[in-house]
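J.: Just one file: coords26.txt, with compact mmCIF, C-alpha atoms and all ligand atoms.
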# COMPACT_ATOMS: atom_id res chain seq x y z
CA MET X 1 -70.90 -221.73 -76.48
CA ALA X 2 -71.12 -222.40 -80.21
CA ALA X 3 -73.31 -225.45 -79.59
CA ILE X 4 -75.62 -223.46 -77.35
CA PHE X 5 -75.76 -220.68 -79.96
CA VAL X 6 -76.63 -223.08 -82.77
CA ALA X 7 -79.22 -224.92 -80.66
CA ASP X 8 -80.74 -221.67 -79.44
CA THR X 9 -80.99 -220.28 -82.96
CA THR X 10 -82.38 -223.40 -84.63
CA THR X 11 -84.92 -224.47 -81.96
CA ARG X 12 -88.29 -222.79 -81.51
CA TYR X 13 -88.77 -219.67 -79.39
CA GLU X 14 -90.45 -221.71 -76.66
CA VAL X 15 -87.19 -223.64 -75.92
CA ALA X 16 -84.95 -221.56 -73.62
CA VAL X 17 -81.58 -223.06 -74.60
CA ALA X 18 -79.82 -219.73 -73.74
CA VAL X 19 -80.06 -220.44 -69.99
CA PHE X 20 -77.25 -222.97 -70.54
CA TYR X 21 -74.89 -220.01 -71.02
CA THR X 22 -74.96 -219.86 -67.20
CA VAL X 23 -73.16 -223.22 -67.15
CA VAL X 24 -70.44 -221.76 -69.42
CA ILE X 25 -70.04 -218.75 -67.15
CA PHE X 26 -69.99 -220.94 -64.05
CA THR X 27 -67.29 -223.26 -65.38
CA SER X 28 -65.16 -220.38 -66.72
CA ALA X 29 -65.25 -218.59 -63.34
CA ARG X 30 -62.32 -220.70 -62.15
CA VAL X 31 -59.96 -219.40 -64.83
CA LEU X 32 -61.33 -215.93 -65.59
CA ARG X 33 -60.74 -212.80 -63.60
CA ARG X 34 -63.35 -210.16 -62.90
CA ARG X 35 -63.04 -208.38 -66.27
CA GLY X 36 -62.96 -211.59 -68.29
CA LEU X 37 -66.07 -212.84 -66.54
CA ILE X 38 -67.99 -209.60 -67.21
CA SER X 39 -66.93 -209.72 -70.90
CA LEU X 40 -67.99 -213.37 -71.15
CA ALA X 41 -71.39 -212.57 -69.64
CA ALA X 42 -71.77 -209.66 -72.11
CA VAL X 43 -70.88 -211.94 -75.06
CA CYS X 44 -73.43 -214.51 -73.85
CA ILE X 45 -76.13 -211.84 -73.66
CA VAL X 46 -75.30 -210.59 -77.18
CA MET X 47 -75.40 -214.18 -78.51
CA THR X 48 -78.77 -214.75 -76.82
CA VAL X 49 -80.15 -211.64 -78.55
CA ILE X 50 -78.67 -212.66 -81.95
CA SER X 51 -80.18 -216.17 -81.60
CA PHE X 52 -83.53 -214.56 -80.82
CA VAL X 53 -83.34 -212.42 -83.95
CA PHE X 54 -82.42 -215.36 -86.19
CA THR X 55 -84.76 -217.99 -84.71
CA PRO X 56 -87.10 -218.79 -87.60
CA HIS X 57 -90.16 -220.27 -85.83
CA GLY X 58 -92.25 -220.34 -82.69
CA ASP X 59 -94.32 -218.08 -80.48
CA LEU X 60 -92.67 -214.61 -80.48
CA GLU X 61 -94.07 -213.66 -77.10
CA ALA X 62 -92.72 -216.84 -75.47
CA GLY X 63 -89.42 -216.14 -77.23
CA LEU X 64 -89.22 -212.66 -75.71
CA ILE X 65 -90.02 -213.98 -72.23
CA ASN X 66 -87.44 -216.77 -72.57
CA MET X 67 -84.81 -214.32 -73.79
CA GLY X 68 -85.54 -212.09 -70.77
CA ILE X 69 -85.25 -215.05 -68.37
CA SER X 70 -81.99 -216.22 -69.98
CA ILE X 71 -80.43 -212.76 -69.83
CA ALA X 72 -81.56 -212.34 -66.21
CA ALA X 73 -80.04 -215.74 -65.35
CA ILE X 74 -76.74 -214.82 -67.03
CA VAL X 75 -76.56 -211.47 -65.23
CA MET X 76 -77.47 -213.06 -61.90
CA ILE X 77 -74.94 -215.87 -62.10
CA ALA X 78 -72.17 -213.48 -63.13
CA PHE X 79 -73.11 -211.14 -60.28
CA LEU X 80 -73.14 -213.96 -57.71
CA ILE X 81 -69.79 -215.34 -58.88
CA LEU X 82 -68.20 -211.87 -58.70
CA LYS X 83 -69.61 -211.37 -55.22
CA ALA X 84 -68.33 -214.73 -54.01
CA GLU X 85 -64.93 -213.93 -55.47
CA ALA X 86 -64.86 -210.57 -53.68
CA ALA X 87 -65.78 -212.28 -50.40
CA ARG X 88 -63.00 -214.83 -50.89
CA THR X 89 -60.46 -212.08 -51.59
CA ALA X 90 -61.59 -210.16 -48.50
CA ALA X 91 -61.26 -213.30 -46.35
CA HIS X 92 -57.81 -213.96 -47.76
CA ASP X 93 -56.72 -210.37 -47.08
CA ALA X 94 -58.04 -210.57 -43.54
CA GLN X 95 -56.16 -213.82 -42.96
CA ALA X 96 -52.93 -212.33 -44.28
CA GLN X 97 -53.41 -209.32 -42.03
CA LEU X 98 -54.09 -211.56 -39.06
CA MET X 99 -50.86 -213.43 -39.69
CA ARG X 100 -48.97 -210.16 -39.87
CA ILE X 101 -50.56 -209.05 -36.59
CA ALA X 102 -49.70 -212.39 -34.97
CA ARG X 103 -46.08 -212.00 -36.05
CA VAL X 104 -45.90 -208.46 -34.71
CA LYS X 105 -47.66 -209.59 -31.53
CA SER X 106 -45.15 -212.35 -30.88
CA LEU X 107 -42.33 -209.91 -31.48
CA GLU X 108 -44.08 -207.47 -29.16
CA GLY X 109 -44.44 -210.31 -26.64
CA LEU X 110 -40.72 -211.03 -26.80
CA THR X 111 -39.79 -207.36 -26.41
CA THR X 112 -42.25 -206.94 -23.54
CA SER X 113 -40.91 -210.04 -21.81
CA ILE X 114 -37.32 -208.92 -22.09
CA ALA X 115 -38.19 -205.40 -20.91
CA HIS X 116 -40.16 -206.84 -17.96
CA GLU X 117 -37.44 -209.24 -16.84
CA VAL X 118 -34.52 -206.86 -17.28
CA ASN X 119 -36.24 -204.12 -15.30
CA GLN X 120 -35.29 -205.64 -11.94
CA PRO X 121 -31.52 -205.89 -12.46
CA LEU X 122 -31.60 -202.41 -14.03
CA ALA X 123 -33.37 -200.97 -10.99
CA ALA X 124 -30.79 -202.69 -8.79
CA ILE X 125 -27.97 -201.17 -10.86
CA VAL X 126 -29.43 -197.69 -10.38
CA THR X 127 -29.70 -198.23 -6.61
CA SER X 128 -26.11 -199.48 -6.36
CA GLY X 129 -24.93 -196.67 -8.65
CA ASN X 130 -26.48 -194.08 -6.34
CA ALA X 131 -24.93 -195.78 -3.30
CA CYS X 132 -21.54 -195.84 -5.01
CA GLN X 133 -21.80 -192.10 -5.70
CA ARG X 134 -22.61 -191.42 -2.06
CA TRP X 135 -19.63 -193.48 -0.81
CA LEU X 136 -17.31 -191.65 -3.19
CA ALA X 137 -18.68 -188.22 -2.22
CA GLN X 138 -17.81 -188.77 1.45
CA ASP X 139 -14.78 -187.04 2.84
CA PRO X 140 -12.62 -189.12 2.83
CA PRO X 141 -14.31 -191.36 0.21
CA ASN X 142 -15.20 -194.83 1.43
CA LEU X 143 -13.45 -196.78 -1.28
CA HIS X 144 -14.20 -200.17 0.24
CA LYS X 145 -17.98 -199.59 0.19
CA ALA X 146 -17.82 -197.98 -3.24
CA ASN X 147 -15.99 -201.02 -4.52
CA GLN X 148 -18.68 -203.31 -3.09
CA ALA X 149 -21.37 -201.27 -4.83
CA LEU X 150 -19.44 -201.54 -8.11
CA ASP X 151 -19.21 -205.31 -7.68
CA ARG X 152 -23.00 -205.43 -7.28
CA ILE X 153 -23.42 -203.28 -10.40
CA LEU X 154 -21.20 -205.62 -12.40
CA SER X 155 -23.01 -208.74 -11.22
CA ASP X 156 -26.48 -207.21 -11.89
CA ALA X 157 -25.37 -206.08 -15.34
CA GLY X 158 -24.14 -209.61 -16.03
CA ARG X 159 -27.48 -210.99 -14.82
CA ALA X 160 -29.37 -208.57 -17.09
CA SER X 161 -27.54 -209.71 -20.19
CA THR X 162 -27.91 -213.40 -19.25
CA ILE X 163 -31.65 -212.82 -18.75
CA ILE X 164 -31.95 -211.34 -22.24
CA ALA X 165 -30.23 -214.39 -23.71
CA ARG X 166 -32.39 -216.78 -21.67
CA VAL X 167 -35.70 -215.06 -22.52
CA ARG X 168 -34.73 -215.15 -26.18
CA SER X 169 -33.90 -218.83 -26.06
CA LEU X 170 -37.09 -219.47 -24.08
CA THR X 171 -39.26 -218.00 -26.83
CA LYS X 172 -37.36 -220.04 -29.40
CA GLY X 173 -38.18 -223.16 -27.42
CA ALA X 174 -34.53 -223.82 -26.55
CA PRO X 175 -33.97 -225.96 -23.43
CA PRO X 176 -32.84 -224.22 -20.19
CA HIS X 177 -29.19 -224.37 -19.05
CA LYS X 178 -29.70 -226.82 -16.21
CA GLY X 179 -27.15 -227.38 -13.51
CA GLU X 180 -26.72 -228.01 -9.78
CA PHE X 181 -27.00 -225.04 -7.45
CA ASP X 182 -27.74 -224.03 -3.86
CA PHE X 183 -31.42 -223.07 -4.01
CA ASN X 184 -31.58 -220.98 -0.81
CA LYS X 185 -28.50 -219.00 -1.77
CA ALA X 186 -29.98 -218.17 -5.19
CA VAL X 187 -33.24 -217.07 -3.51
CA LEU X 188 -31.49 -214.85 -0.97
CA GLU X 189 -29.46 -213.17 -3.72
CA ILE X 190 -32.67 -212.09 -5.45
CA VAL X 191 -34.53 -211.19 -2.28
CA ALA X 192 -31.65 -208.87 -1.39
CA VAL X 193 -32.36 -206.93 -4.59
CA SER X 194 -35.96 -206.24 -3.44
CA GLN X 195 -35.04 -205.52 0.18
CA THR X 196 -34.69 -201.75 -0.26
CA GLU X 197 -38.11 -201.59 -1.91
CA MET X 198 -39.66 -203.56 0.98
CA GLU X 199 -38.02 -201.37 3.61
CA ARG X 200 -39.24 -198.25 1.84
CA ASN X 201 -42.89 -199.28 1.96
CA GLY X 202 -42.76 -200.74 5.45
CA THR X 203 -43.07 -204.43 4.54
CA ARG X 204 -41.93 -207.00 7.11
CA LEU X 205 -40.08 -209.90 5.53
CA ALA X 206 -39.72 -213.35 7.07
CA THR X 207 -37.53 -215.98 5.43
CA GLU X 208 -38.00 -219.58 6.46
CA LEU X 209 -35.68 -221.49 4.19
CA SER X 210 -35.14 -225.14 5.01
CA PRO X 211 -31.46 -225.81 5.82
CA ASP X 212 -31.64 -229.43 4.60
CA LEU X 213 -32.33 -228.93 0.92
CA PRO X 214 -30.54 -231.07 -1.63
CA PRO X 215 -29.01 -229.08 -4.50
CA ALA X 216 -31.56 -227.89 -7.06
CA PHE X 217 -31.17 -229.08 -10.63
CA ALA X 218 -32.44 -226.34 -12.94
CA ASP X 219 -31.46 -223.11 -14.69
CA ARG X 220 -30.26 -220.88 -11.81
CA VAL X 221 -30.79 -217.53 -13.57
CA GLN X 222 -34.28 -218.51 -14.70
CA ILE X 223 -35.32 -219.71 -11.24
CA GLN X 224 -34.08 -216.38 -9.84
CA GLN X 225 -36.22 -214.60 -12.44
CA VAL X 226 -39.31 -216.44 -11.18
CA VAL X 227 -38.50 -215.71 -7.51
CA GLY X 228 -38.03 -212.04 -8.46
CA ASN X 229 -41.41 -211.96 -10.25
CA LEU X 230 -43.27 -213.55 -7.34
CA VAL X 231 -41.68 -211.26 -4.77
CA LEU X 232 -42.41 -208.22 -6.93
CA ASN X 233 -46.07 -209.27 -7.30
CA ALA X 234 -46.29 -209.76 -3.52
CA ILE X 235 -44.87 -206.26 -2.93
CA GLU X 236 -47.36 -204.83 -5.44
CA ALA X 237 -50.25 -206.70 -3.78
CA LEU X 238 -49.36 -205.04 -0.49
CA ALA X 239 -49.52 -201.52 -1.89
CA SER X 240 -53.23 -201.11 -1.16
CA VAL X 241 -53.31 -202.52 2.39
CA PRO X 242 -52.37 -200.52 5.52
CA VAL X 243 -48.63 -200.34 6.27
CA SER X 244 -49.09 -202.04 9.66
CA THR X 245 -50.38 -205.23 8.01
CA ARG X 246 -47.82 -205.50 5.20
CA SER X 247 -45.85 -208.72 5.44
CA ILE X 248 -44.22 -211.24 3.15
CA ARG X 249 -43.06 -214.72 4.12
CA ILE X 250 -40.74 -216.74 1.96
CA THR X 251 -40.31 -220.47 2.51
CA SER X 252 -38.46 -223.37 0.94
CA ASP X 253 -39.04 -227.04 1.69
CA ILE X 254 -38.45 -230.46 0.28
CA LYS X 255 -41.50 -232.41 -0.91
CA GLY X 256 -40.66 -235.83 -2.27
CA ASP X 257 -37.73 -235.28 -4.59
CA ALA X 258 -38.54 -231.66 -5.39
CA ILE X 259 -37.92 -228.35 -3.69
CA VAL X 260 -41.08 -226.34 -3.12
CA PHE X 261 -40.70 -222.61 -2.79
CA ALA X 262 -43.51 -220.31 -1.60
CA VAL X 263 -44.19 -216.60 -1.25
CA PHE X 264 -46.97 -215.73 1.22
CA ASP X 265 -48.27 -212.17 1.30
CA SER X 266 -50.85 -210.30 3.36
CA GLY X 267 -52.02 -208.27 0.39
CA VAL X 268 -55.31 -207.87 -1.45
CA GLY X 269 -55.61 -211.57 -2.26
CA ILE X 270 -57.02 -213.16 -5.38
CA PRO X 271 -60.77 -213.06 -6.05
CA ALA X 272 -62.39 -216.43 -6.79
CA GLY X 273 -62.81 -216.92 -10.53
CA VAL X 274 -59.54 -215.15 -11.25
CA TYR X 275 -57.27 -218.13 -10.52
CA GLU X 276 -57.60 -219.62 -14.00
CA HIS X 277 -56.50 -216.32 -15.62
CA LEU X 278 -53.50 -215.53 -13.41
CA PHE X 279 -50.94 -217.27 -15.59
CA GLU X 280 -52.35 -216.07 -18.92
CA ALA X 281 -50.18 -213.69 -20.91
CA PHE X 282 -51.27 -210.02 -20.79
CA TRP X 283 -53.81 -210.68 -18.02
CA THR X 284 -53.44 -207.94 -15.44
CA SER X 285 -55.51 -206.14 -12.81
CA LYS X 286 -52.94 -203.37 -12.43
CA GLN X 287 -53.06 -200.01 -14.13
CA GLU X 288 -49.35 -200.07 -14.88
CA GLY X 289 -49.06 -203.85 -15.26
CA ILE X 290 -48.34 -205.68 -18.48
CA GLY X 291 -49.51 -209.04 -17.24
CA VAL X 292 -46.53 -211.08 -18.40
CA GLY X 293 -44.73 -211.79 -15.09
CA LEU X 294 -46.67 -214.94 -14.20
CA SER X 295 -46.94 -216.19 -17.76
CA ILE X 296 -43.14 -216.00 -18.16
CA SER X 297 -42.75 -217.62 -14.74
CA ARG X 298 -44.94 -220.55 -15.73
CA THR X 299 -43.09 -221.07 -19.02
CA ILE X 300 -39.78 -221.05 -17.12
CA ILE X 301 -40.88 -223.39 -14.33
CA GLU X 302 -42.43 -225.90 -16.73
CA ALA X 303 -39.36 -225.79 -18.99
CA ASN X 304 -37.30 -226.63 -15.90
CA GLY X 305 -39.50 -229.62 -15.00
CA GLY X 306 -41.47 -228.04 -12.16
CA GLN X 307 -44.96 -226.68 -11.53
CA ILE X 308 -46.28 -223.32 -10.38
CA TRP X 309 -49.61 -222.56 -8.76
CA ALA X 310 -51.48 -220.02 -6.62
CA GLU X 311 -53.67 -220.49 -3.55
CA PRO X 312 -55.61 -218.25 -1.18
CA GLY X 313 -53.39 -216.96 1.63
CA GLU X 314 -53.58 -217.94 5.29
CA GLY X 315 -56.08 -215.39 6.56
CA ALA X 316 -55.48 -212.63 4.02
CA GLY X 317 -53.51 -212.36 0.83
CA ALA X 318 -52.22 -214.99 -1.53
CA VAL X 319 -49.62 -217.76 -1.75
CA PHE X 320 -47.66 -218.54 -4.89
CA ARG X 321 -45.73 -221.80 -4.96
CA PHE X 322 -43.47 -223.51 -7.41
CA SER X 323 -41.55 -226.76 -7.44
CA VAL X 324 -38.05 -227.30 -8.80
CA PRO X 325 -36.36 -230.65 -9.51
CA THR X 326 -33.37 -231.58 -7.38
CA THR X 327 -30.28 -233.68 -7.98
CA LEU X 328 -32.04 -236.56 -6.13
CA GLN X 329 -34.53 -236.75 -8.97
CA GLU X 330 -31.81 -236.32 -11.55
CA LYS X 331 -29.73 -239.21 -10.09
CA ARG X 332 -32.75 -241.52 -10.02
CA GLU X 333 -33.42 -240.88 -13.68
N1 LIG J 401 -49.45 -211.81 -4.84
C1 LIG J 401 -50.56 -211.52 -5.51
N2 LIG J 401 -51.71 -211.15 -4.86
C2 LIG J 401 -52.82 -210.84 -5.54
N3 LIG J 401 -52.93 -210.85 -6.90
C3 LIG J 401 -51.84 -211.22 -7.58
C4 LIG J 401 -50.60 -211.56 -6.95
N4 LIG J 401 -49.72 -211.88 -7.91
C5 LIG J 401 -50.34 -211.73 -9.09
N5 LIG J 401 -51.61 -211.34 -8.90
C6 LIG J 401 -52.61 -211.07 -9.95
O1 LIG J 401 -52.20 -211.69 -11.13
C7 LIG J 401 -52.11 -210.72 -12.19
C8 LIG J 401 -51.05 -211.14 -13.16
O2 LIG J 401 -49.76 -211.05 -12.59
P1 LIG J 401 -48.49 -210.85 -13.53
O3 LIG J 401 -47.28 -210.80 -12.69
O4 LIG J 401 -48.55 -211.86 -14.62
O5 LIG J 401 -48.76 -209.45 -14.21
P2 LIG J 401 -48.75 -208.01 -13.52
O6 LIG J 401 -48.02 -208.09 -12.21
O7 LIG J 401 -50.14 -207.49 -13.50
O8 LIG J 401 -47.92 -207.18 -14.56
P3 LIG J 401 -46.37 -207.37 -14.90
O9 LIG J 401 -46.36 -207.85 -16.29
O10 LIG J 401 -45.80 -206.03 -14.73
O11 LIG J 401 -45.81 -208.39 -13.94
C9 LIG J 401 -51.88 -209.41 -11.48
O12 LIG J 401 -52.30 -208.31 -12.24
C10 LIG J 401 -52.72 -209.59 -10.21
O13 LIG J 401 -54.08 -209.30 -10.47
MG MG J 402 -46.12 -209.07 -12.07
Represent the structure of the file as structure tokens.
Ligand SMILES: Nc1ncnc2c1ncn2[C@@H]1O[C@H](COP(=O)(O)OP(=O)(O)OP(=O)(O)O)[C@@H](O)[C@H]1O
Ligand SMILES: [Mg+2]

T.:
Amino acid sequence: MAAIFVADTTTRYEVAVAVFYTVVIFTSARVLRRRGLISLAAVCIVMTVISFVFTPHGDLEAGLINMGISIAAIVMIAFLILKAEAARTAAHDAQAQLMRIARVKSLEGLTTSIAHEVNQPLAAIVTSGNACQRWLAQDPPNLHKANQALDRILSDAGRASTIIARVRSLTKGAPPHKGEFDFNKAVLEIVAVSQTEMERNGTRLATELSPDLPPAFADRVQIQQVVGNLVLNAIEALASVPVSTRSIRITSDIKGDAIVFAVFDSGVGIPAGVYEHLFEAFWTSKQEGIGVGLSISRTIIEANGGQIWAEPGEGAGAVFRFSVPTTLQEKRE
């Protein structure tokens, strides 16, 4: 700055050395804050004016014009730097906010997933609780039936708490608790939970489970969660078709080394162009839906080494299929 000042003062009016103050301002912008930068620009302007006053020779008019240009350049560069700085701060703030939102969103996703998955066992507990009350209110009370209802309540409550633990470990990327189990038995256990709902809305259910399945090798509770989600979606897809045409067919088969499970429904079906969105989180066509059922199901099935996909139904409706590894596969590996 001193060099510029000396040069500006000692050279003729026609030489606009003062514009080099812009270089000083530009290089100081990295270390100075807003106030410092404004003060520096003000000092540069004052020094330009002082140099003008003390410049001994040259054309006065050219000197005035040059001083004006230099001051304008100083003001402009300071203004542009401050504006760029403000834009950078705004971008940084927005990014920080976005990260906060993403964190809250993933927490919200976890909460939503747990709420969604635990809803089914909770509904089953309420149903069994009501049944238990009815058995006890009989005269004489039917203790045997009441006891059965209590057993169901206990097992559903156990399932609910296991589901919470599994969904939590799923979102943390923890591996599933894999083990051998009878696939058809696990399916029937879950289908039984939805049976009352199906009877209430007049849905016919056909189960065609292959009797020759090898044991599945996966996380039993998680596979039951997926079956529950698919059956629930099928029931919901039937809500807007006439009662006389409501039917669900559940099948299990062996394909290669894997078990393939399918839920066929005669519901509204899936419009073309929607298939690629079905398994996305928060994608829903339902007023009351959250859109997490299929996305959780896909995460679960893939974590267990299988695949899940949807196809148009036979005639009407939709088919959802998933594959699960078996012990055959496990032994080969
Ligand atoms: N059996 C089916 N027939 C037709 N459409 C279906 C079927 N299953 C799922 N879908 C479509 O896929 C969408 C996503 O399903 P998903 O289970 O992920 O969420 P949802 O059922 O809408 O809400 P929720 O989070 O409560 O399960 C549904 O909204 C529906 O449009
Ligand atoms: Mg669903």

J.: Which chains and residue numbers are within 8 Å of ligand MG 402 (chain J), counting only C-alpha atoms and all ligand atoms, if I want them as a PyMOL selection string?

T.: chain X and resi 229-230+232-233+236+289-294

J.: Dump the neighbourhood of ligand LIG 401 (chain J) as a ChimeraX atom specification: all residues within 9 Å, distances computed on only C-alpha atoms and all ligand atoms.

T.: /X:112-113,116-117,229-238,263-271,274-275,277-297,310,312-313,317-320

J.: Give me, as a ChimeraX atom specification, all polymer residues having an atom no more than 8 Å from Ser128 in chain X, counting all atoms listed in the file and skipping those fewer than 6 positions away in the same chain.

T.: /X:149-150,152-153

J.: Grab the CA of Met1 in chain X to CA of Cys44 in chain X distance for me, in Å with one decimal place.

T.: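 According to the coordinates, CA of Met1 in chain X and CA of Cys44 in chain X are separated by 8.1 Å.
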
J.: Rounded to one decimal place, report the CA of Ala87 in chain X-CA of Val24 in chain X distance in Å.

T.: 21.8 Å

J.: Given all atoms listed in the file as the basis, pick out the residue of X:Gln329, X:Thr9, X:Thr27, X:Thr245 nearest to Pro215 in chain X.

T.: X:Gln329

J.: How many Å lie between CA of Gly202 in chain X and CA of Leu188 in chain X, rounded to one decimal?

T.: 19.2 Å

J.: Find the residues near Ile163 in chain X: any atom within 12 Å, counting only C-alpha atoms, skip ones fewer than 3 places away on the same chain, and give them as number ranges by chain.

T.: X: 113-122, 156-160, 166-170, 176-177, 219-226, 296, 300

J.: Calculated over all atoms listed in the file, which of the candidates X:Ala192, X:Val15, X:Ala186, X:Ala3 has the smallest distance to Ser252 in chain X?

T.: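 Smallest distance to Ser252 in chain X is found for X:Ala186.
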
J.: Mind giving me the axis-aligned box for range 77-84 of chain X with 3 Å on every side, centre plus edges in Å to one decimal, as JSON?

T.:
{"center_x": -71.6, "center_y": -213.5, "center_z": -58.6, "size_x": 12.7, "size_y": 10.7, "size_z": 15.1}

J.: May I have the residues within 8 Å of Asp253 in chain X as a PyMOL selection string, using only C-alpha atoms and disregarding those fewer than 3 positions away in the same chain?

T.: chain X and resi 209-210+213+259-261

J.: Taking C-alpha atoms for each residue, export the selection above as a short mmCIF file (atom, residue, chain, number, x, y, z; two decimals), in the coordinates of the input.

T.:
data_model
loop_
_atom_site.label_atom_id
_atom_site.label_comp_id
_atom_site.auth_asym_id
_atom_site.auth_seq_id
_atom_site.Cartn_x
_atom_site.Cartn_y
_atom_site.Cartn_z
CA LEU X 209 -35.68 -221.49 4.19
CA SER X 210 -35.14 -225.14 5.01
CA LEU X 213 -32.33 -228.93 0.92
CA ILE X 259 -37.92 -228.35 -3.69
CA VAL X 260 -41.08 -226.34 -3.12
CA PHE X 261 -40.70 -222.61 -2.79
#

J.: Hey, which of X:Ala84, X:Ala7, X:Leu32, X:Ala272 ends up closest to Thr48 in chain X? Count all atoms listed in the file.

T.: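 With all atoms listed in the file as the atom set, the closest residue is X:Ala7.
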
J.: Can you pull out the residues contacting Val191 in chain X? Cut-off 8 Å, using only C-alpha atoms, and skip same-chain residues under 3 positions away; I want them as a ChimeraX atom specification.

T.: /X:187-188,194-195,227-228,231

J.: Would you list the contacts of Leu64 in chain X as a list in words, taking every protein, DNA or RNA residue within 8 Å and counting all atoms listed in the file, but skipping same-chain residues closer than 3 positions in sequence?

T.: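 The residues that qualify are Tyr13, Phe52, Leu60, Glu61, Met67 and Gly68 of chain X.
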
J.: Output requested as an mmCIF file, in the coordinates of the input - range 78-92 of chain X, filled out with N, CA, C and O atoms.

T.:
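After the write, out-v3.cif holds the following:
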data_model
loop_
_atom_site.group_PDB
_atom_site.id
_atom_site.type_symbol
_atom_site.label_atom_id
_atom_site.label_comp_id
_atom_site.auth_asym_id
_atom_site.auth_seq_id
_atom_site.Cartn_x
_atom_site.Cartn_y
_atom_site.Cartn_z
ATOM 1 N N ALA X 78 -73.426 -214.240 -63.084
ATOM 2 C CA ALA X 78 -72.170 -213.480 -63.130
ATOM 3 C C ALA X 78 -72.026 -212.629 -61.872
ATOM 4 O O ALA X 78 -70.955 -212.578 -61.250
ATOM 5 N N PHE X 79 -73.126 -211.998 -61.472
ATOM 6 C CA PHE X 79 -73.110 -211.140 -60.280
ATOM 7 C C PHE X 79 -72.753 -211.949 -59.030
ATOM 8 O O PHE X 79 -71.906 -211.549 -58.229
ATOM 9 N N LEU X 80 -73.383 -213.135 -58.898
ATOM 10 C CA LEU X 80 -73.140 -213.960 -57.710
ATOM 11 C C LEU X 80 -71.685 -214.461 -57.668
ATOM 12 O O LEU X 80 -71.048 -214.464 -56.603
ATOM 13 N N ILE X 81 -71.187 -214.847 -58.852
ATOM 14 C CA ILE X 81 -69.790 -215.340 -58.880
ATOM 15 C C ILE X 81 -68.833 -214.214 -58.484
ATOM 16 O O ILE X 81 -67.913 -214.404 -57.685
ATOM 17 N N LEU X 82 -69.076 -213.002 -59.031
ATOM 18 C CA LEU X 82 -68.200 -211.870 -58.700
ATOM 19 C C LEU X 82 -68.258 -211.560 -57.206
ATOM 20 O O LEU X 82 -67.251 -211.263 -56.575
ATOM 21 N N LYS X 83 -69.450 -211.665 -56.647
ATOM 22 C CA LYS X 83 -69.610 -211.370 -55.220
ATOM 23 C C LYS X 83 -68.874 -212.402 -54.365
ATOM 24 O O LYS X 83 -68.204 -212.059 -53.393
ATOM 25 N N ALA X 84 -69.012 -213.670 -54.763
ATOM 26 C CA ALA X 84 -68.330 -214.730 -54.010
ATOM 27 C C ALA X 84 -66.820 -214.544 -54.082
ATOM 28 O O ALA X 84 -66.105 -214.723 -53.093
ATOM 29 N N GLU X 85 -66.362 -214.143 -55.281
ATOM 30 C CA GLU X 85 -64.930 -213.930 -55.470
ATOM 31 C C GLU X 85 -64.435 -212.796 -54.571
ATOM 32 O O GLU X 85 -63.389 -212.890 -53.931
ATOM 33 N N ALA X 86 -65.236 -211.710 -54.521
ATOM 34 C CA ALA X 86 -64.860 -210.570 -53.680
ATOM 35 C C ALA X 86 -64.805 -210.981 -52.218
ATOM 36 O O ALA X 86 -63.888 -210.594 -51.476
ATOM 37 N N ALA X 87 -65.755 -211.820 -51.802
ATOM 38 C CA ALA X 87 -65.780 -212.280 -50.400
ATOM 39 C C ALA X 87 -64.541 -213.117 -50.100
ATOM 40 O O ALA X 87 -63.926 -212.978 -49.042
ATOM 41 N N ARG X 88 -64.175 -213.985 -51.098
ATOM 42 C CA ARG X 88 -63.000 -214.830 -50.890
ATOM 43 C C ARG X 88 -61.740 -213.975 -50.772
ATOM 44 O O ARG X 88 -60.896 -214.201 -49.915
ATOM 45 N N THR X 89 -61.629 -212.958 -51.639
ATOM 46 C CA THR X 89 -60.460 -212.080 -51.590
ATOM 47 C C THR X 89 -60.400 -211.354 -50.240
ATOM 48 O O THR X 89 -59.334 -211.248 -49.623
ATOM 49 N N ALA X 90 -61.565 -210.879 -49.780
ATOM 50 C CA ALA X 90 -61.590 -210.160 -48.500
ATOM 51 C C ALA X 90 -61.147 -211.079 -47.375
ATOM 52 O O ALA X 90 -60.365 -210.683 -46.501
ATOM 53 N N ALA X 91 -61.632 -212.344 -47.408
ATOM 54 C CA ALA X 91 -61.260 -213.300 -46.350
ATOM 55 C C ALA X 91 -59.763 -213.569 -46.388
ATOM 56 O O ALA X 91 -59.102 -213.630 -45.350
ATOM 57 N N HIS X 92 -59.235 -213.680 -47.605
ATOM 58 C CA HIS X 92 -57.810 -213.960 -47.760
ATOM 59 C C HIS X 92 -56.985 -212.790 -47.222
ATOM 60 O O HIS X 92 -56.005 -212.980 -46.496
#
